[in-house]
Each structure stands twice: as C-alpha cells, then as structure tokens.
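**Q** Structure supplied as final_35.cif; contents: mmCIF, C-alpha atoms.
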data_input
#
loop_
_atom_site.group_PDB
_atom_site.id
_atom_site.type_symbol
_atom_site.label_atom_id
_atom_site.label_comp_id
_atom_site.auth_asym_id
_atom_site.auth_seq_id
_atom_site.Cartn_x
_atom_site.Cartn_y
_atom_site.Cartn_z
ATOM 1 C CA MET B 240 -74.320 -82.247 -40.051
ATOM 2 C CA ASN B 241 -71.929 -80.967 -37.363
ATOM 3 C CA ILE B 242 -69.653 -79.363 -40.021
ATOM 4 C CA ASN B 243 -72.592 -77.506 -41.570
ATOM 5 C CA PHE B 244 -73.608 -76.249 -38.149
ATOM 6 C CA ILE B 245 -70.128 -74.869 -37.456
ATOM 7 C CA SER B 246 -69.913 -73.113 -40.839
ATOM 8 C CA ASP B 247 -73.386 -71.627 -40.327
ATOM 9 C CA LEU B 248 -72.409 -70.571 -36.815
ATOM 10 C CA ASN B 249 -69.423 -68.616 -38.176
ATOM 11 C CA ASN B 250 -71.724 -66.794 -40.579
ATOM 12 C CA LEU B 251 -74.189 -65.913 -37.813
ATOM 13 C CA PHE B 252 -71.833 -63.399 -36.273
ATOM 14 C CA ASP B 253 -72.079 -60.889 -39.096
ATOM 15 C CA ILE B 254 -73.451 -58.026 -37.034
ATOM 16 C CA ALA B 255 -73.294 -55.396 -39.766
ATOM 17 C CA HIS B 256 -76.423 -53.528 -40.785
ATOM 18 C CA ALA B 257 -78.426 -55.170 -43.579
ATOM 19 C CA ASN B 258 -77.814 -52.142 -45.849
ATOM 20 C CA ALA B 259 -74.265 -51.540 -44.633
ATOM 21 C CA LEU B 260 -72.728 -51.614 -48.113
ATOM 22 C CA GLU B 261 -75.095 -48.862 -49.287
ATOM 23 C CA ILE B 262 -74.622 -46.814 -46.125
ATOM 24 C CA ILE B 263 -70.805 -46.944 -45.982
ATOM 25 C CA ASN B 264 -69.192 -44.113 -47.957
ATOM 26 C CA ILE B 265 -65.527 -44.949 -47.391
ATOM 27 C CA GLU B 266 -64.264 -47.497 -49.908
ATOM 28 C CA GLU B 267 -61.698 -48.967 -47.505
ATOM 29 C CA ASP B 268 -64.426 -49.655 -44.922
ATOM 30 C CA ARG B 269 -66.576 -51.284 -47.592
ATOM 31 C CA LYS B 270 -63.685 -53.576 -48.580
ATOM 32 C CA LEU B 271 -63.120 -54.498 -44.930
ATOM 33 C CA LEU B 272 -66.765 -55.480 -44.490
ATOM 34 C CA LEU B 273 -66.682 -57.616 -47.633
ATOM 35 C CA SER B 274 -63.460 -59.307 -46.538
ATOM 36 C CA GLN B 275 -64.971 -60.054 -43.109
ATOM 37 C CA ARG B 276 -67.892 -61.773 -44.805
ATOM 38 C CA GLU B 277 -65.612 -64.102 -46.798
ATOM 39 C CA PRO B 278 -65.080 -67.661 -45.576
ATOM 40 C CA GLY B 279 -62.087 -67.825 -43.275
ATOM 41 C CA ARG B 280 -62.579 -64.212 -42.197
ATOM 42 C CA ARG B 281 -59.561 -62.797 -43.965
ATOM 43 C CA GLY B 282 -60.462 -59.251 -42.910
ATOM 44 C CA CYS B 283 -59.735 -58.232 -39.355
ATOM 45 C CA LEU B 284 -59.138 -55.078 -37.374
ATOM 46 C CA MET B 285 -55.806 -54.479 -35.704
ATOM 47 C CA GLY B 286 -54.302 -51.635 -33.741
ATOM 48 C CA VAL B 287 -52.500 -49.895 -36.620
ATOM 49 C CA ASP B 288 -52.903 -50.349 -40.345
ATOM 50 C CA MET B 289 -49.226 -50.719 -41.249
ATOM 51 C CA LYS B 290 -49.765 -50.396 -45.005
ATOM 52 C CA LEU B 291 -51.666 -47.164 -44.536
ATOM 53 C CA ALA B 292 -49.073 -45.870 -42.059
ATOM 54 C CA LYS B 293 -46.238 -46.527 -44.535
ATOM 55 C CA ARG B 294 -48.220 -44.937 -47.367
ATOM 56 C CA GLU B 295 -48.896 -41.846 -45.238
ATOM 57 C CA GLU B 296 -45.219 -41.688 -44.284
ATOM 58 C CA ARG B 297 -44.177 -41.802 -47.962
ATOM 59 C CA VAL B 298 -46.672 -39.045 -48.787
ATOM 60 C CA LEU B 299 -45.335 -36.909 -45.942
ATOM 61 C CA LEU B 300 -41.739 -37.445 -47.082
ATOM 62 C CA ARG B 301 -42.692 -36.462 -50.646
ATOM 63 C CA VAL B 302 -44.342 -33.277 -49.389
ATOM 64 C CA ILE B 303 -41.301 -32.378 -47.280
ATOM 65 C CA GLU B 304 -38.934 -33.044 -50.197
ATOM 66 C CA GLN B 305 -41.065 -30.911 -52.501
ATOM 67 C CA GLU B 306 -41.098 -28.058 -49.968
ATOM 68 C CA ASN B 307 -37.307 -28.317 -49.684
ATOM 69 C CA ARG B 308 -36.948 -28.207 -53.483
ATOM 70 C CA LEU B 309 -39.215 -25.153 -53.695
ATOM 71 C CA ALA B 310 -37.332 -23.381 -50.900
ATOM 72 C CA LYS B 311 -34.020 -24.188 -52.560
ATOM 73 C CA ALA B 312 -35.296 -22.934 -55.933
ATOM 74 C CA HIS B 313 -36.625 -19.754 -54.308
ATOM 75 C CA TYR B 314 -33.324 -19.158 -52.536
ATOM 76 C CA SER B 315 -31.430 -19.819 -55.756
ATOM 77 C CA SER B 316 -33.636 -17.403 -57.708
ATOM 78 C CA GLU B 317 -33.074 -14.711 -55.058
ATOM 79 C CA ILE B 318 -29.314 -15.202 -55.349
ATOM 80 C CA ASP B 319 -29.540 -15.090 -59.149
ATOM 81 C CA GLY B 320 -31.584 -11.887 -58.970
ATOM 82 C CA LYS B 321 -29.053 -10.246 -56.648
ATOM 83 C CA PHE B 322 -26.193 -11.409 -58.865
ATOM 84 C CA MET B 323 -27.868 -10.001 -61.970
ATOM 85 C CA ASP B 324 -28.618 -6.680 -60.223
ATOM 86 C CA SER B 325 -25.035 -6.278 -59.035
ATOM 87 C CA SER B 326 -23.595 -7.190 -62.440
ATOM 88 C CA GLU B 327 -25.874 -4.669 -64.203
ATOM 89 C CA GLU B 328 -24.831 -1.898 -61.811
ATOM 90 C CA SER B 329 -21.112 -2.532 -62.200
ATOM 91 C CA SER B 330 -21.064 -3.202 -65.956
ATOM 92 C CA GLY B 331 -21.934 0.346 -66.993
ATOM 93 C CA THR B 332 -19.775 2.291 -64.540
ATOM 94 C CA GLU B 333 -16.255 0.983 -64.984
ATOM 95 C CA ASP B 334 -14.091 -1.329 -67.037
ATOM 96 C CA ILE B 335 -13.109 -4.244 -64.815
ATOM 97 C CA SER B 336 -11.008 -6.112 -67.389
ATOM 98 C CA ASP B 337 -7.866 -4.184 -66.366
ATOM 99 C CA GLN B 338 -8.327 -4.808 -62.659
ATOM 100 C CA PRO B 339 -6.689 -7.771 -60.947
ATOM 101 C CA GLY B 340 -8.930 -10.384 -59.413
ATOM 102 C CA PRO B 341 -10.925 -13.457 -60.347
ATOM 103 C CA SER B 342 -11.719 -14.143 -63.949
ATOM 104 C CA SER B 343 -14.823 -12.437 -65.313
ATOM 105 C CA ASN B 344 -15.615 -15.551 -67.348
ATOM 106 C CA ILE B 345 -17.591 -17.147 -64.519
ATOM 107 C CA THR B 346 -20.541 -18.942 -66.046
ATOM 108 C CA GLN B 347 -24.008 -18.980 -64.566
ATOM 109 C CA SER B 348 -23.963 -22.773 -64.179
ATOM 110 C CA SER B 349 -20.725 -22.760 -62.173
ATOM 111 C CA LEU B 350 -22.156 -20.048 -59.937
ATOM 112 C CA GLU B 351 -25.311 -22.108 -59.381
ATOM 113 C CA GLU B 352 -23.206 -25.177 -58.601
ATOM 114 C CA ASN B 353 -21.310 -23.209 -55.954
ATOM 115 C CA ILE B 354 -24.561 -21.916 -54.456
ATOM 116 C CA ASN B 355 -26.090 -25.411 -54.407
ATOM 117 C CA ALA B 356 -22.936 -26.795 -52.791
ATOM 118 C CA GLN B 357 -23.234 -24.196 -50.012
ATOM 119 C CA ILE B 358 -26.872 -25.054 -49.388
#
Rewrite the structure of this file - the entire thing - as structure tokens.
**A**
Amino acid sequence: MNINFISDLNNLFDIAHANALEIINIEEDRKLLLSQREPGRRGCLMGVDMKLAKREERVLLRVIEQENRLAKAHYSSEIDGKFMDSSEESSGTEDISDQPGPSSNITQSSLEENINAQI
C-alpha cells in the first residue's frame, strides 16, 4: 500500500499541459517530456546540454574548415590564372629556351604544390 502511494506520488508531479505532446513543435523537447514521464525520471534538465554543445562545435569546425578550403581554392585559382596570363604573354614574344635560368619544364602540379606549401 505504501509502495503504491509513493509510485503514484512520483507520477503526480507531471505538471505538463494535457495536450503538451500535440502543442510542442520541437522534437527534442517532445523527447524530453516523454523521458520525464518514464519511471525513474531518466530525463532531466541541466545547465548545458553537453551532447548538443559538442555537436554544435563539430558543425562550427566543419564550416570553418570548408571556408578555409574554399578560400585556399580561390587563392590557388587566382594564382593559376595569373600564371597562365603571364605564360601566354611571354610565349609569343620571345624564345626563352636559349636564355639561362630555371627549367621551363615546370609542371602545373609542382607549381600547385609549391603554392600550397606557402599557404
């Protein structure tokens, strides 16, 4: 008799609205209400939702990394465009094979590797 009273007493303190599950639009809030209604009251409110905070941090890091990749790609494409413009201008005006200096067999991939190393 006393045990039944205590279990009923724990269930009395559900102060949510009778139609709360229909009213609540946010799925996470709905899950919290359902977990609070379970025996043992597994659901509780704390100061900071650590899982959500870590998830938001990972999302923010992904966004920052993506912005960095886009900026790097944009910078690289600008360098490539300038390199192509300068090589087109110089290729028609003079023969550089007889001039001393670095080899003219520089490949595009080695140039990109040097640019990426500088960034």
**Q** For the atom pair atom CA of Arg269 of chain B and atom CA of Asp288 of chain B, what is the interatomic distance in Å to one decimal place?
**A** 15.5 Å
**Q** Grab the atom CA of Leu291 of chain B to atom CA of Gln305 of chain B distance for me, in Å with one decimal place.
**A**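 According to the coordinates, atom CA of Leu291 of chain B and atom CA of Gln305 of chain B are separated by 21.0 Å.
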**Q** Report, in Å with one decimal, the straight-line distance from atom CA of Arg297 of chain B to atom CA of Asn264 of chain B.
**A**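 Taking atom CA of Arg297 of chain B as the start and atom CA of Asn264 of chain B as the end point, the length is 25.1 Å.
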**Q** For His256 of chain B, which of B:Ala312, B:Leu300, B:Asn243, B:Leu272 is the closest residue, counting all atoms listed in the file?
**A**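 Looking at the shortest contact to His256 of chain B, the residue is B:Leu272.
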**Q** Restricting the calculation to all atoms listed in the file, which member of B:Ser246, B:Ala292, B:Arg308, B:Asp253 is positioned closest to Gln275 of chain B?
**A**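 Result for the nearest residue to Gln275 of chain B: B:Asp253.
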